file target.pdb (PDB, C-alpha atoms, pLDDT in the B column)
ATOM      1  CA  MET A1288       9.163  21.660  -3.975  1.00 56.00           C
ATOM      2  CA  SER A1289       7.937  25.229  -3.722  1.00 68.00           C
ATOM      3  CA  ILE A1290       4.400  25.907  -4.896  1.00 82.00           C
ATOM      4  CA  THR A1291       5.549  29.362  -6.022  1.00 82.00           C
ATOM      5  CA  ASN A1292       7.929  27.831  -8.605  1.00 87.00           C
ATOM      6  CA  ALA A1293       5.467  27.132 -11.406  1.00 87.00           C
ATOM      7  CA  SER A1294       7.730  24.987 -13.593  1.00 89.00           C
ATOM      8  CA  ALA A1295       9.137  22.808 -10.814  1.00 91.00           C
ATOM      9  CA  PHE A1296       5.778  22.330  -9.110  1.00 93.00           C
ATOM     10  CA  ARG A1297       3.919  21.363 -12.304  1.00 92.00           C
ATOM     11  CA  ARG A1298       6.708  19.073 -13.479  1.00 93.00           C
ATOM     12  CA  ARG A1299       6.901  17.163 -10.210  1.00 94.00           C
ATOM     13  CA  ALA A1300       3.138  17.110  -9.778  1.00 94.00           C
ATOM     14  CA  SER A1301       2.786  15.661 -13.275  1.00 95.00           C
ATOM     15  CA  ALA A1302       5.314  12.896 -12.591  1.00 96.00           C
ATOM     16  CA  THR A1303       3.596  12.099  -9.293  1.00 96.00           C
ATOM     17  CA  ALA A1304       0.189  12.002 -10.984  1.00 97.00           C
ATOM     18  CA  ILE A1305       1.413   9.461 -13.556  1.00 97.00           C
ATOM     19  CA  VAL A1306       2.590   7.037 -10.866  1.00 97.00           C
ATOM     20  CA  ALA A1307      -0.443   7.669  -8.626  1.00 97.00           C
ATOM     21  CA  PHE A1308      -2.802   7.026 -11.555  1.00 97.00           C
ATOM     22  CA  PHE A1309      -1.541   3.482 -12.086  1.00 96.00           C
ATOM     23  CA  CYS A1310      -1.298   2.773  -8.352  1.00 96.00           C
ATOM     24  CA  LEU A1311      -4.939   3.787  -7.880  1.00 96.00           C
ATOM     25  CA  LEU A1312      -6.086   1.582 -10.748  1.00 94.00           C
ATOM     26  CA  LEU A1313      -4.088  -1.313  -9.344  1.00 94.00           C
ATOM     27  CA  ALA A1314      -5.667  -0.773  -5.927  1.00 95.00           C
ATOM     28  CA  SER A1315      -9.125  -0.637  -7.512  1.00 93.00           C
ATOM     29  CA  THR A1316      -8.540  -3.953  -9.265  1.00 91.00           C
ATOM     30  CA  LEU A1317      -7.249  -5.652  -6.127  1.00 92.00           C
ATOM     31  CA  LEU A1318     -10.117  -4.324  -3.974  1.00 91.00           C
ATOM     32  CA  GLU A1319     -12.955  -5.233  -6.333  1.00 90.00           C
ATOM     33  CA  PRO A1320     -14.794  -8.178  -4.753  1.00 87.00           C
ATOM     34  CA  THR A1321     -15.813  -9.834  -8.039  1.00 84.00           C
ATOM     35  CA  ASP A1322     -14.246 -10.362 -11.453  1.00 82.00           C
ATOM     36  CA  SER A1323     -17.600 -10.777 -13.176  1.00 78.00           C
ATOM     37  CA  HIS A1324     -19.045  -8.006 -15.338  1.00 77.00           C
ATOM     38  CA  ALA A1325     -22.602  -9.356 -15.008  1.00 79.00           C
ATOM     39  CA  ASN A1326     -24.851  -6.926 -13.158  1.00 77.00           C
ATOM     40  CA  SER A1327     -26.397  -9.654 -11.006  1.00 79.00           C
ATOM     41  CA  ASP A1328     -22.987 -10.922  -9.874  1.00 82.00           C
ATOM     42  CA  GLN A1329     -21.787  -7.404  -9.119  1.00 83.00           C
ATOM     43  CA  LEU A1330     -24.911  -6.663  -7.104  1.00 85.00           C
ATOM     44  CA  ARG A1331     -24.429  -9.800  -5.033  1.00 85.00           C
ATOM     45  CA  ALA A1332     -20.756  -8.973  -4.460  1.00 85.00           C
ATOM     46  CA  ALA A1333     -21.645  -5.405  -3.433  1.00 85.00           C
ATOM     47  CA  ALA A1334     -24.238  -6.694  -0.988  1.00 84.00           C
ATOM     48  CA  ALA A1335     -21.718  -9.080   0.551  1.00 87.00           C
ATOM     49  CA  HIS A1336     -18.718  -6.705   0.486  1.00 88.00           C
ATOM     50  CA  PRO A1337     -20.021  -3.110   0.287  1.00 88.00           C
ATOM     51  CA  GLY A1338     -16.887  -1.581   1.798  1.00 90.00           C
ATOM     52  CA  ALA A1339     -14.546  -3.220  -0.713  1.00 92.00           C
ATOM     53  CA  MET A1340     -16.801  -2.293  -3.636  1.00 91.00           C
ATOM     54  CA  GLN A1341     -16.981   1.339  -2.511  1.00 93.00           C
ATOM     55  CA  ALA A1342     -13.224   1.545  -1.997  1.00 95.00           C
ATOM     56  CA  SER A1343     -12.631   0.050  -5.448  1.00 93.00           C
ATOM     57  CA  ALA A1344     -15.058   2.523  -7.017  1.00 93.00           C
ATOM     58  CA  TRP A1345     -13.461   5.527  -5.302  1.00 95.00           C
ATOM     59  CA  CYS A1346      -9.981   4.448  -6.429  1.00 95.00           C
ATOM     60  CA  GLN A1347     -11.337   4.262  -9.988  1.00 93.00           C
ATOM     61  CA  ILE A1348     -12.932   7.708  -9.672  1.00 94.00           C
ATOM     62  CA  LEU A1349      -9.735   9.282  -8.310  1.00 95.00           C
ATOM     63  CA  ALA A1350      -7.740   7.675 -11.115  1.00 95.00           C
ATOM     64  CA  GLY A1351     -10.222   9.099 -13.618  1.00 92.00           C
ATOM     65  CA  MET A1352      -9.744  12.550 -12.097  1.00 93.00           C
ATOM     66  CA  LEU A1353      -5.970  12.226 -12.469  1.00 95.00           C
ATOM     67  CA  ALA A1354      -6.195  10.914 -16.036  1.00 95.00           C
ATOM     68  CA  PRO A1355      -6.408  14.375 -17.725  1.00 95.00           C
ATOM     69  CA  VAL A1356      -3.311  15.491 -15.796  1.00 95.00           C
ATOM     70  CA  VAL A1357      -1.459  12.370 -16.938  1.00 96.00           C
ATOM     71  CA  VAL A1358      -2.522  12.837 -20.559  1.00 96.00           C
ATOM     72  CA  ILE A1359      -1.596  16.523 -20.674  1.00 95.00           C
ATOM     73  CA  ALA A1360       1.782  15.845 -19.031  1.00 95.00           C
ATOM     74  CA  LEU A1361       2.654  13.108 -21.535  1.00 96.00           C
ATOM     75  CA  MET A1362       1.591  15.374 -24.402  1.00 95.00           C
ATOM     76  CA  HIS A1363       3.289  18.504 -23.048  1.00 94.00           C
ATOM     77  CA  ILE A1364       6.820  17.074 -23.087  1.00 93.00           C
ATOM     78  CA  VAL A1365       6.724  16.134 -26.785  1.00 93.00           C
ATOM     79  CA  ARG A1366       8.195  18.738 -29.150  1.00 87.00           C
ATOM     80  CA  GLY A1367       9.274  18.179 -32.752  1.00 82.00           C
ATOM     81  CA  ARG A1368       9.224  14.464 -33.601  1.00 88.00           C
ATOM     82  CA  GLY A1369       6.092  12.684 -32.418  1.00 90.00           C
ATOM     83  CA  VAL A1370       4.077  15.848 -31.840  1.00 93.00           C
ATOM     84  CA  VAL A1371       1.186  14.867 -34.163  1.00 94.00           C
ATOM     85  CA  LEU A1372       0.916  11.461 -32.518  1.00 93.00           C
ATOM     86  CA  ALA A1373       1.017  13.150 -29.116  1.00 94.00           C
ATOM     87  CA  HIS A1374      -1.825  15.495 -30.048  1.00 95.00           C
ATOM     88  CA  VAL A1375      -3.977  12.627 -31.333  1.00 95.00           C
ATOM     89  CA  GLY A1376      -3.295  10.655 -28.181  1.00 94.00           C
ATOM     90  CA  GLY A1377      -4.010  13.728 -26.071  1.00 95.00           C
ATOM     91  CA  ILE A1378      -7.437  14.321 -27.585  1.00 94.00           C
ATOM     92  CA  LEU A1379      -8.362  10.644 -27.327  1.00 93.00           C
ATOM     93  CA  GLY A1380      -7.029  10.494 -23.778  1.00 93.00           C
ATOM     94  CA  ILE A1381      -9.112  13.433 -22.533  1.00 92.00           C
ATOM     95  CA  LEU A1382     -12.228  11.771 -23.938  1.00 89.00           C
ATOM     96  CA  GLY A1383     -11.190   8.447 -22.420  1.00 88.00           C
ATOM     97  CA  SER A1384     -10.693   9.958 -18.975  1.00 88.00           C
ATOM     98  CA  VAL A1385     -14.439  10.614 -18.844  1.00 86.00           C
ATOM     99  CA  GLY A1386     -15.083   6.903 -19.317  1.00 82.00           C
ATOM    100  CA  GLY A1387     -12.652   6.004 -16.542  1.00 81.00           C
ATOM    101  CA  THR A1388     -14.428   8.262 -14.067  1.00 86.00           C
ATOM    102  CA  MET A1389     -17.867   7.026 -15.070  1.00 84.00           C
ATOM    103  CA  ILE A1390     -16.864   3.400 -14.516  1.00 85.00           C
ATOM    104  CA  GLY A1391     -16.106   4.327 -10.908  1.00 88.00           C
ATOM    105  CA  VAL A1392     -19.444   6.125 -10.559  1.00 86.00           C
ATOM    106  CA  HIS A1393     -21.087   3.005 -11.955  1.00 83.00           C
ATOM    107  CA  GLY A1394     -19.497   1.071  -9.091  1.00 86.00           C
ATOM    108  CA  LEU A1395     -21.108   3.404  -6.567  1.00 87.00           C
ATOM    109  CA  PHE A1396     -24.460   2.876  -8.293  1.00 84.00           C
ATOM    110  CA  ILE A1397     -23.993  -0.867  -7.837  1.00 86.00           C
ATOM    111  CA  VAL A1398     -23.398  -0.432  -4.097  1.00 85.00           C
ATOM    112  CA  ALA A1399     -26.464   1.795  -3.772  1.00 84.00           C
ATOM    113  CA  LEU A1400     -28.658  -0.680  -5.668  1.00 83.00           C
ATOM    114  CA  ALA A1401     -27.277  -3.861  -4.116  1.00 82.00           C
ATOM    115  CA  ASP A1402     -30.115  -6.235  -3.265  1.00 63.00           C
ATOM    116  CA  ASN A1403     -28.537  -9.658  -3.541  1.00 52.00           C
ATOM    117  CA  GLY A1404     -28.548  -9.571  -7.314  1.00 53.00           C
ATOM    118  CA  GLY A1405     -32.229  -9.341  -8.203  1.00 58.00           C
ATOM    119  CA  GLY A1406     -35.244  -7.094  -8.520  1.00 70.00           C
ATOM    120  CA  ALA A1407     -35.135  -3.386  -9.214  1.00 73.00           C
ATOM    121  CA  GLY A1408     -31.360  -3.023  -8.891  1.00 75.00           C
ATOM    122  CA  ASN A1409     -30.641  -5.395 -11.764  1.00 74.00           C
ATOM    123  CA  ALA A1410     -33.306  -3.711 -13.920  1.00 77.00           C
ATOM    124  CA  VAL A1411     -31.863  -0.238 -13.274  1.00 78.00           C
ATOM    125  CA  LEU A1412     -28.294  -1.308 -14.139  1.00 77.00           C
ATOM    126  CA  THR A1413     -29.442  -3.115 -17.282  1.00 75.00           C
ATOM    127  CA  ARG A1414     -31.295   0.003 -18.406  1.00 76.00           C
ATOM    128  CA  LEU A1415     -28.222   2.130 -17.644  1.00 74.00           C
ATOM    129  CA  ASP A1416     -26.054  -0.159 -19.769  1.00 71.00           C
ATOM    130  CA  GLN A1417     -28.533   0.207 -22.621  1.00 73.00           C
ATOM    131  CA  ILE A1418     -28.681   3.998 -22.630  1.00 71.00           C
ATOM    132  CA  ALA A1419     -25.000   4.734 -21.953  1.00 70.00           C
ATOM    133  CA  PRO A1420     -22.927   2.288 -24.059  1.00 70.00           C
ATOM    134  CA  ALA A1421     -20.497   5.062 -25.033  1.00 68.00           C
ATOM    135  CA  ILE A1422     -19.037   4.926 -21.518  1.00 70.00           C
ATOM    136  CA  ILE A1423     -17.509   1.522 -22.294  1.00 71.00           C
ATOM    137  CA  VAL A1424     -16.069   2.813 -25.585  1.00 74.00           C
ATOM    138  CA  LEU A1425     -14.500   5.777 -23.797  1.00 75.00           C
ATOM    139  CA  PHE A1426     -13.093   3.479 -21.113  1.00 76.00           C
ATOM    140  CA  PHE A1427     -11.191   1.470 -23.740  1.00 82.00           C
ATOM    141  CA  ALA A1428     -10.077   4.682 -25.461  1.00 88.00           C
ATOM    142  CA  LEU A1429      -7.876   5.696 -22.520  1.00 91.00           C
ATOM    143  CA  PRO A1430      -5.310   2.843 -22.645  1.00 91.00           C
ATOM    144  CA  VAL A1431      -5.089   3.244 -26.426  1.00 93.00           C
ATOM    145  CA  ALA A1432      -4.432   6.960 -25.986  1.00 94.00           C
ATOM    146  CA  LEU A1433      -1.778   6.356 -23.342  1.00 95.00           C
ATOM    147  CA  THR A1434       0.015   3.936 -25.651  1.00 95.00           C
ATOM    148  CA  LEU A1435       0.009   6.505 -28.463  1.00 96.00           C
ATOM    149  CA  LEU A1436       1.476   9.053 -26.065  1.00 96.00           C
ATOM    150  CA  ALA A1437       4.169   6.605 -24.958  1.00 96.00           C
ATOM    151  CA  VAL A1438       5.152   6.020 -28.587  1.00 96.00           C
ATOM    152  CA  ALA A1439       5.266   9.790 -29.124  1.00 95.00           C
ATOM    153  CA  ASP A1440       7.540  10.199 -26.103  1.00 95.00           C
ATOM    154  CA  VAL A1441       9.909   7.580 -27.508  1.00 95.00           C
ATOM    155  CA  ARG A1442       9.905   9.232 -30.940  1.00 93.00           C
ATOM    156  CA  ALA A1443      10.766  12.518 -29.241  1.00 90.00           C
ATOM    157  CA  GLY A1444      13.855  10.840 -27.774  1.00 91.00           C
ATOM    158  CA  LEU A1445      12.676  11.197 -24.195  1.00 92.00           C
ATOM    159  CA  VAL A1446      12.720   7.563 -23.064  1.00 94.00           C
ATOM    160  CA  PRO A1447      14.293   4.273 -24.230  1.00 95.00           C
ATOM    161  CA  ARG A1448      12.742   2.256 -27.060  1.00 95.00           C
ATOM    162  CA  TRP A1449      11.736  -0.625 -24.752  1.00 96.00           C
ATOM    163  CA  VAL A1450       8.893   1.587 -23.544  1.00 96.00           C
ATOM    164  CA  ILE A1451       7.041   0.989 -26.846  1.00 95.00           C
ATOM    165  CA  PRO A1452       6.642  -2.821 -26.644  1.00 96.00           C
ATOM    166  CA  VAL A1453       5.757  -2.604 -22.955  1.00 96.00           C
ATOM    167  CA  ALA A1454       3.128   0.059 -23.706  1.00 95.00           C
ATOM    168  CA  VAL A1455       1.722  -2.054 -26.566  1.00 95.00           C
ATOM    169  CA  LEU A1456       1.453  -5.073 -24.260  1.00 94.00           C
ATOM    170  CA  PHE A1457      -0.256  -2.767 -21.764  1.00 93.00           C
ATOM    171  CA  VAL A1458      -3.061  -1.929 -24.186  1.00 91.00           C
ATOM    172  CA  LEU A1459      -3.382  -5.491 -25.527  1.00 92.00           C
ATOM    173  CA  ALA A1460      -3.763  -6.867 -22.003  1.00 89.00           C
ATOM    174  CA  ASP A1461      -6.926  -4.778 -21.677  1.00 80.00           C
ATOM    175  CA  PHE A1462      -8.663  -7.259 -24.007  1.00 82.00           C
ATOM    176  CA  VAL A1463      -7.560 -10.402 -22.157  1.00 83.00           C
ATOM    177  CA  PRO A1464     -10.209 -11.771 -19.752  1.00 78.00           C
ATOM    178  CA  GLY A1465      -9.475 -12.694 -16.171  1.00 75.00           C
ATOM    179  CA  PRO A1466      -8.325 -10.882 -13.028  1.00 73.00           C
ATOM    180  CA  ALA A1467      -4.671 -11.767 -13.505  1.00 84.00           C
ATOM    181  CA  ALA A1468      -4.635 -10.008 -16.885  1.00 86.00           C
ATOM    182  CA  GLY A1469      -5.833  -6.772 -15.293  1.00 86.00           C
ATOM    183  CA  ILE A1470      -3.095  -6.856 -12.692  1.00 91.00           C
ATOM    184  CA  VAL A1471      -0.422  -7.671 -15.280  1.00 92.00           C
ATOM    185  CA  GLN A1472      -1.722  -4.838 -17.485  1.00 92.00           C
ATOM    186  CA  LEU A1473      -1.375  -2.278 -14.729  1.00 93.00           C
ATOM    187  CA  LEU A1474       2.093  -3.499 -13.759  1.00 95.00           C
ATOM    188  CA  LEU A1475       3.142  -3.123 -17.404  1.00 95.00           C
ATOM    189  CA  GLY A1476       1.663   0.372 -17.418  1.00 95.00           C
ATOM    190  CA  LEU A1477       3.465   1.249 -14.220  1.00 95.00           C
ATOM    191  CA  ALA A1478       6.769   0.082 -15.731  1.00 96.00           C
ATOM    192  CA  ALA A1479       6.397   1.968 -19.028  1.00 96.00           C
ATOM    193  CA  PHE A1480       4.861   5.171 -17.759  1.00 96.00           C
ATOM    194  CA  GLY A1481       6.831   5.120 -14.533  1.00 96.00           C
ATOM    195  CA  ARG A1482       9.914   5.364 -16.750  1.00 96.00           C
ATOM    196  CA  ILE A1483       8.430   8.433 -18.417  1.00 96.00           C
ATOM    197  CA  ALA A1484       7.607   9.919 -15.008  1.00 96.00           C
ATOM    198  CA  TYR A1485      11.221   9.326 -13.961  1.00 95.00           C
ATOM    199  CA  ARG A1486      12.364  11.190 -17.080  1.00 95.00           C
ATOM    200  CA  ILE A1487      10.070  14.096 -16.246  1.00 94.00           C
ATOM    201  CA  LEU A1488      11.502  14.296 -12.743  1.00 92.00           C
ATOM    202  CA  GLY A1489      14.999  14.422 -14.242  1.00 92.00           C
ATOM    203  CA  MET A1490      14.204  17.377 -16.495  1.00 91.00           C
ATOM    204  CA  SER A1491      15.337  20.868 -15.712  1.00 89.00           C
ATOM    205  CA  ASP A1492      12.703  23.576 -15.469  1.00 88.00           C
ATOM    206  CA  ALA A1493      13.883  24.944 -18.827  1.00 88.00           C
ATOM    207  CA  GLU A1494      13.434  21.538 -20.477  1.00 88.00           C
ATOM    208  CA  TRP A1495       9.946  21.249 -19.014  1.00 90.00           C
ATOM    209  CA  ASP A1496       8.982  24.708 -20.267  1.00 85.00           C
ATOM    210  CA  SER A1497      10.541  24.609 -23.734  1.00 81.00           C
ATOM    211  CA  GLY A1498      11.061  20.914 -24.415  1.00 70.00           C
ATOM    212  CA  PRO A1499      14.262  18.863 -24.272  1.00 65.00           C
ATOM    213  CA  ALA A1500      16.652  18.852 -27.180  1.00 58.00           C
ATOM    214  CA  VAL A1501      16.326  16.128 -29.816  1.00 53.00           C
ATOM    215  CA  GLY A1502      17.755  12.898 -28.452  1.00 49.00           C
ATOM    216  CA  ALA A1503      17.037  14.078 -24.941  1.00 43.00           C
ATOM    217  CA  LEU A1504      18.163  10.980 -23.070  1.00 48.00           C
ATOM    218  CA  PRO A1505      21.168  11.979 -20.967  1.00 48.00           C
ATOM    219  CA  SER A1506      23.581   9.682 -22.820  1.00 42.00           C
ATOM    220  CA  ALA A1507      22.418  11.013 -26.178  1.00 39.00           C
ATOM    221  CA  ARG A1508      22.885  14.597 -25.104  1.00 43.00           C
ATOM    222  CA  LEU A1509      26.439  13.898 -24.021  1.00 38.00           C
ATOM    223  CA  ALA A1510      27.226  12.113 -27.246  1.00 40.00           C
ATOM    224  CA  THR A1511      25.947  14.911 -29.478  1.00 42.00           C
ATOM    225  CA  ALA A1512      26.934  17.981 -27.479  1.00 44.00           C
ATOM    226  CA  PRO A1513      28.981  20.399 -29.560  1.00 46.00           C
ATOM    227  CA  THR A1514      32.524  21.216 -28.486  1.00 45.00           C
ATOM    228  CA  VAL A1515      33.097  24.815 -27.457  1.00 45.00           C
ATOM    229  CA  ALA A1516      36.394  26.193 -28.671  1.00 40.00           C
TER     230      ALA A1516
END

call {"tool": "encode", "arguments": {"input": "target.pdb", "output": "structure tokens"}}
result
Amino acid sequence: MSITNASAFRRRASATAIVAFFCLLLASTLLEPTDSHANSDQLRAAAAHPGAMQASAWCQILAGMLAPVVVIALMHIVRGRGVVLAHVGGILGILGSVGGTMIGVHGLFIVALADNGGGAGNAVLTRLDQIAPAIIVLFFALPVALTLLAVADVRAGLVPRWVIPVAVLFVLADFVPGPAAGIVQLLLGLAAFGRIAYRILGMSDAEWDSGPAVGALPSARLATAPTVA
């Protein structure tokens, strides 16, 4: 991949970012030393396992930094059918990426304030939760946006229809409590959006720049290609 070839570099970088995004979130979930969302429990876990908590937070931050690239890539490939849905998902996704990054920063705050779950650290985190509730809303906005973008990509004929139910399960799993649900959610996301990343890698530079033809799955293109006399 030559960095001087704008189309090829951006296309491959976008596909790589999609896969890396979900891998980083999966790593963050696996590294986090507690499943509790209570500030006192998180402070105790950070005091006992500061390295794991920091690593989890940094994975979350890096994923949040990649999120705008993922959103723009998923929106960029949609032309014609699904374009309105893609634009709505794109706007919501950019806003949601802020929440994803801030959740990781919140994890670093927890490590810095760790004092076995009591005292000033708990008071500071409680106050932060009170003055910045929009961060949580933005965090939930990102999976919703990604699902809208996946539906748009299917409507554009870029990927198979099975991507839609998998993407819907991906966003629904975000509301299921428990550590296993988080892991299952990210594996579902990796399956659905990994398929889209694979499609992006299979595009030509011209398709990436101008958009694939309607019914852009390879089999569909062969079935509808006009015969040249």

call {"tool": "closest_residue", "arguments": {"input": "target.pdb", "among": "A:Met1340, A:Ala1410, A:Leu1372, A:Cys1346", "to": "A:Val1431", "atoms": "all atoms listed in the file"}}
result
A:Leu1372

call {"tool": "closest_residue", "arguments": {"input": "target.pdb", "among": "A:Ile1483, A:Val1385, A:Leu1477, A:Ala1307", "to": "A:Arg1448", "atoms": "all atoms listed in the file"}}
result
A:Ile1483

call {"tool": "resolve_selection", "arguments": {"input": "target.pdb", "expression": "the PyMOL selection byres ((chain A and resi 1380) around 7)", "output": "list in words"}}
result
Val1358, Gly1376, Gly1377, Ile1378, Leu1379, Ile1381, Leu1382, Gly1383, Ser1384, Ala1428, Leu1429, Ala1432 and Leu1433 of chain A

call {"tool": "atom_distance", "arguments": {"input": "target.pdb", "atom1": "atom CA of A:Ile1290", "atom2": "atom CA of A:Gly1481"}}
result
23.0 Å

call {"tool": "resolve_selection", "arguments": {"input": "target.pdb", "expression": "the PyMOL selection byres ((chain A and resi 1351-1354) around 7)", "output": "list in words"}}
result
Ala1304, Phe1308, Gln1347, Ile1348, Leu1349, Ala1350, Pro1355, Val1356, Val1357, Val1358, Ser1384, Val1385, Gly1387 and Thr1388 of chain A

call {"tool": "closest_residue", "arguments": {"input": "target.pdb", "among": "A:Thr1434, A:Ser1301, A:Gln1417, A:Ser1497", "to": "A:Ile1359", "atoms": "all atoms listed in the file"}}
result
A:Ser1301

call {"tool": "atom_distance", "arguments": {"input": "target.pdb", "atom1": "atom CA of A:Asp1328", "atom2": "atom CA of A:Gly1406"}}
result
12.9 Å

call {"tool": "closest_residue", "arguments": {"input": "target.pdb", "among": "A:Arg1298, A:His1374, A:Arg1368, A:His1324", "to": "A:Asp1492", "atoms": "all atoms listed in the file"}}
result
A:Arg1298

call {"tool": "closest_residue", "arguments": {"input": "target.pdb", "among": "A:Pro1452, A:Gly1394, A:Pro1447, A:Gly1386", "to": "A:Thr1321", "atoms": "all atoms listed in the file"}}
result
A:Gly1394

call {"tool": "closest_residue", "arguments": {"input": "target.pdb", "among": "A:Ile1364, A:Ala1399, A:Val1370, A:Ile1422", "to": "A:Gly1338", "atoms": "only C-alpha atoms"}}
result
A:Ala1399

call {"tool": "residues_near_point", "arguments": {"input": "target.pdb", "point": "(-0.6, -2.8, -10.2)", "cutoff": "8 Å", "atoms": "only C-alpha atoms", "output": "list in words"}}
result
Phe1309, Cys1310, Leu1312, Leu1313, Ala1314, Ile1470, Val1471, Gln1472, Leu1473, Leu1474 and Leu1477 of chain A

call {"tool": "residues_around", "arguments": {"input": "target.pdb", "residues": "A:Gly1498", "least_positions_apart": "4", "cutoff": "10 Å", "atoms": "all atoms listed in the file", "output": "PyMOL selection string"}}
result
chain A and resi 1363-1367+1443+1445+1490-1494+1503

call {"tool": "resolve_selection", "arguments": {"input": "target.pdb", "expression": "the PyMOL selection byres ((chain A and resi 1317) around 10)", "output": "list in words"}}
result
Leu1311, Leu1312, Leu1313, Ala1314, Ser1315, Thr1316, Leu1318, Glu1319, Pro1320, Thr1321, Asp1322, Ala1339, Ser1343, Pro1466, Ala1467, Gly1469 and Ile1470 of chain A

call {"tool": "atom_distance", "arguments": {"input": "target.pdb", "atom1": "atom CA of A:Val1438", "atom2": "atom CA of A:Trp1495"}}
result
18.6 Å

call {"tool": "residues_near_point", "arguments": {"input": "target.pdb", "point": "(12.7, 14.9, -8.7)", "cutoff": "9 Å", "atoms": "all atoms listed in the file", "output": "ChimeraX atom specification"}}
result
/A:1288,1295,1298-1299,1302,1485,1487-1490

call {"tool": "write_last_selection", "arguments": {"input": "target.pdb", "atoms": "C-alpha atoms", "output": "PDB file, keeping the file's coordinate frame"}}
result
ATOM      1  CA  MET A1288       9.163  21.660  -3.975  1.00 56.00           C
ATOM      2  CA  ALA A1295       9.137  22.808 -10.814  1.00 91.00           C
ATOM      3  CA  ARG A1298       6.708  19.073 -13.479  1.00 93.00           C
ATOM      4  CA  ARG A1299       6.901  17.163 -10.210  1.00 94.00           C
ATOM      5  CA  ALA A1302       5.314  12.896 -12.591  1.00 96.00           C
ATOM      6  CA  TYR A1485      11.221   9.326 -13.961  1.00 95.00           C
ATOM      7  CA  ILE A1487      10.070  14.096 -16.246  1.00 94.00           C
ATOM      8  CA  LEU A1488      11.502  14.296 -12.743  1.00 92.00           C
ATOM      9  CA  GLY A1489      14.999  14.422 -14.242  1.00 92.00           C
ATOM     10  CA  MET A1490      14.204  17.377 -16.495  1.00 91.00           C
TER      11      MET A1490
END

call {"tool": "decode", "arguments": {"input": "target.pdb", "residues": "stretch 1424-1428 of chain A", "atoms": "all heavy atoms", "output": "tab-separated table (two decimals), in the first residue's frame"}}
result
chain	number	residue	atom	x	y	z
A	1424	VAL	N	-25.21	9.61	27.30
A	1424	VAL	CA	-26.12	9.63	26.15
A	1424	VAL	C	-25.34	9.49	24.85
A	1424	VAL	O	-25.71	8.71	23.96
A	1424	VAL	CB	-26.95	10.93	26.15
A	1424	VAL	CG1	-27.84	10.98	24.90
A	1424	VAL	CG2	-27.81	11.02	27.41
A	1425	LEU	N	-24.24	10.22	24.74
A	1425	LEU	CA	-23.42	10.15	23.53
A	1425	LEU	C	-22.79	8.77	23.37
A	1425	LEU	O	-22.63	8.28	22.26
A	1425	LEU	CB	-22.32	11.22	23.59
A	1425	LEU	CG	-22.80	12.68	23.48
A	1425	LEU	CD1	-21.62	13.63	23.67
A	1425	LEU	CD2	-23.47	12.94	22.14
A	1426	PHE	N	-22.44	8.14	24.48
A	1426	PHE	CA	-21.84	6.81	24.42
A	1426	PHE	C	-22.82	5.81	23.80
A	1426	PHE	O	-22.44	4.97	22.98
A	1426	PHE	CB	-21.43	6.36	25.82
A	1426	PHE	CG	-20.84	4.99	25.87
A	1426	PHE	CD1	-19.55	4.76	25.40
A	1426	PHE	CD2	-21.56	3.93	26.38
A	1426	PHE	CE1	-19.00	3.49	25.44
A	1426	PHE	CE2	-21.01	2.65	26.42
A	1426	PHE	CZ	-19.73	2.43	25.95
A	1427	PHE	N	-24.10	5.89	24.19
A	1427	PHE	CA	-25.09	4.99	23.62
A	1427	PHE	C	-25.47	5.37	22.19
A	1427	PHE	O	-26.00	4.55	21.44
A	1427	PHE	CB	-26.35	4.96	24.51
A	1427	PHE	CG	-26.18	4.17	25.77
A	1427	PHE	CD1	-26.13	4.80	27.00
A	1427	PHE	CD2	-26.06	2.80	25.73
A	1427	PHE	CE1	-25.97	4.08	28.17
A	1427	PHE	CE2	-25.89	2.05	26.89
A	1427	PHE	CZ	-25.84	2.69	28.12
A	1428	ALA	N	-25.20	6.62	21.81
A	1428	ALA	CA	-25.53	7.06	20.45
A	1428	ALA	C	-24.67	6.37	19.41
A	1428	ALA	O	-25.11	6.13	18.28
A	1428	ALA	CB	-25.37	8.58	20.34
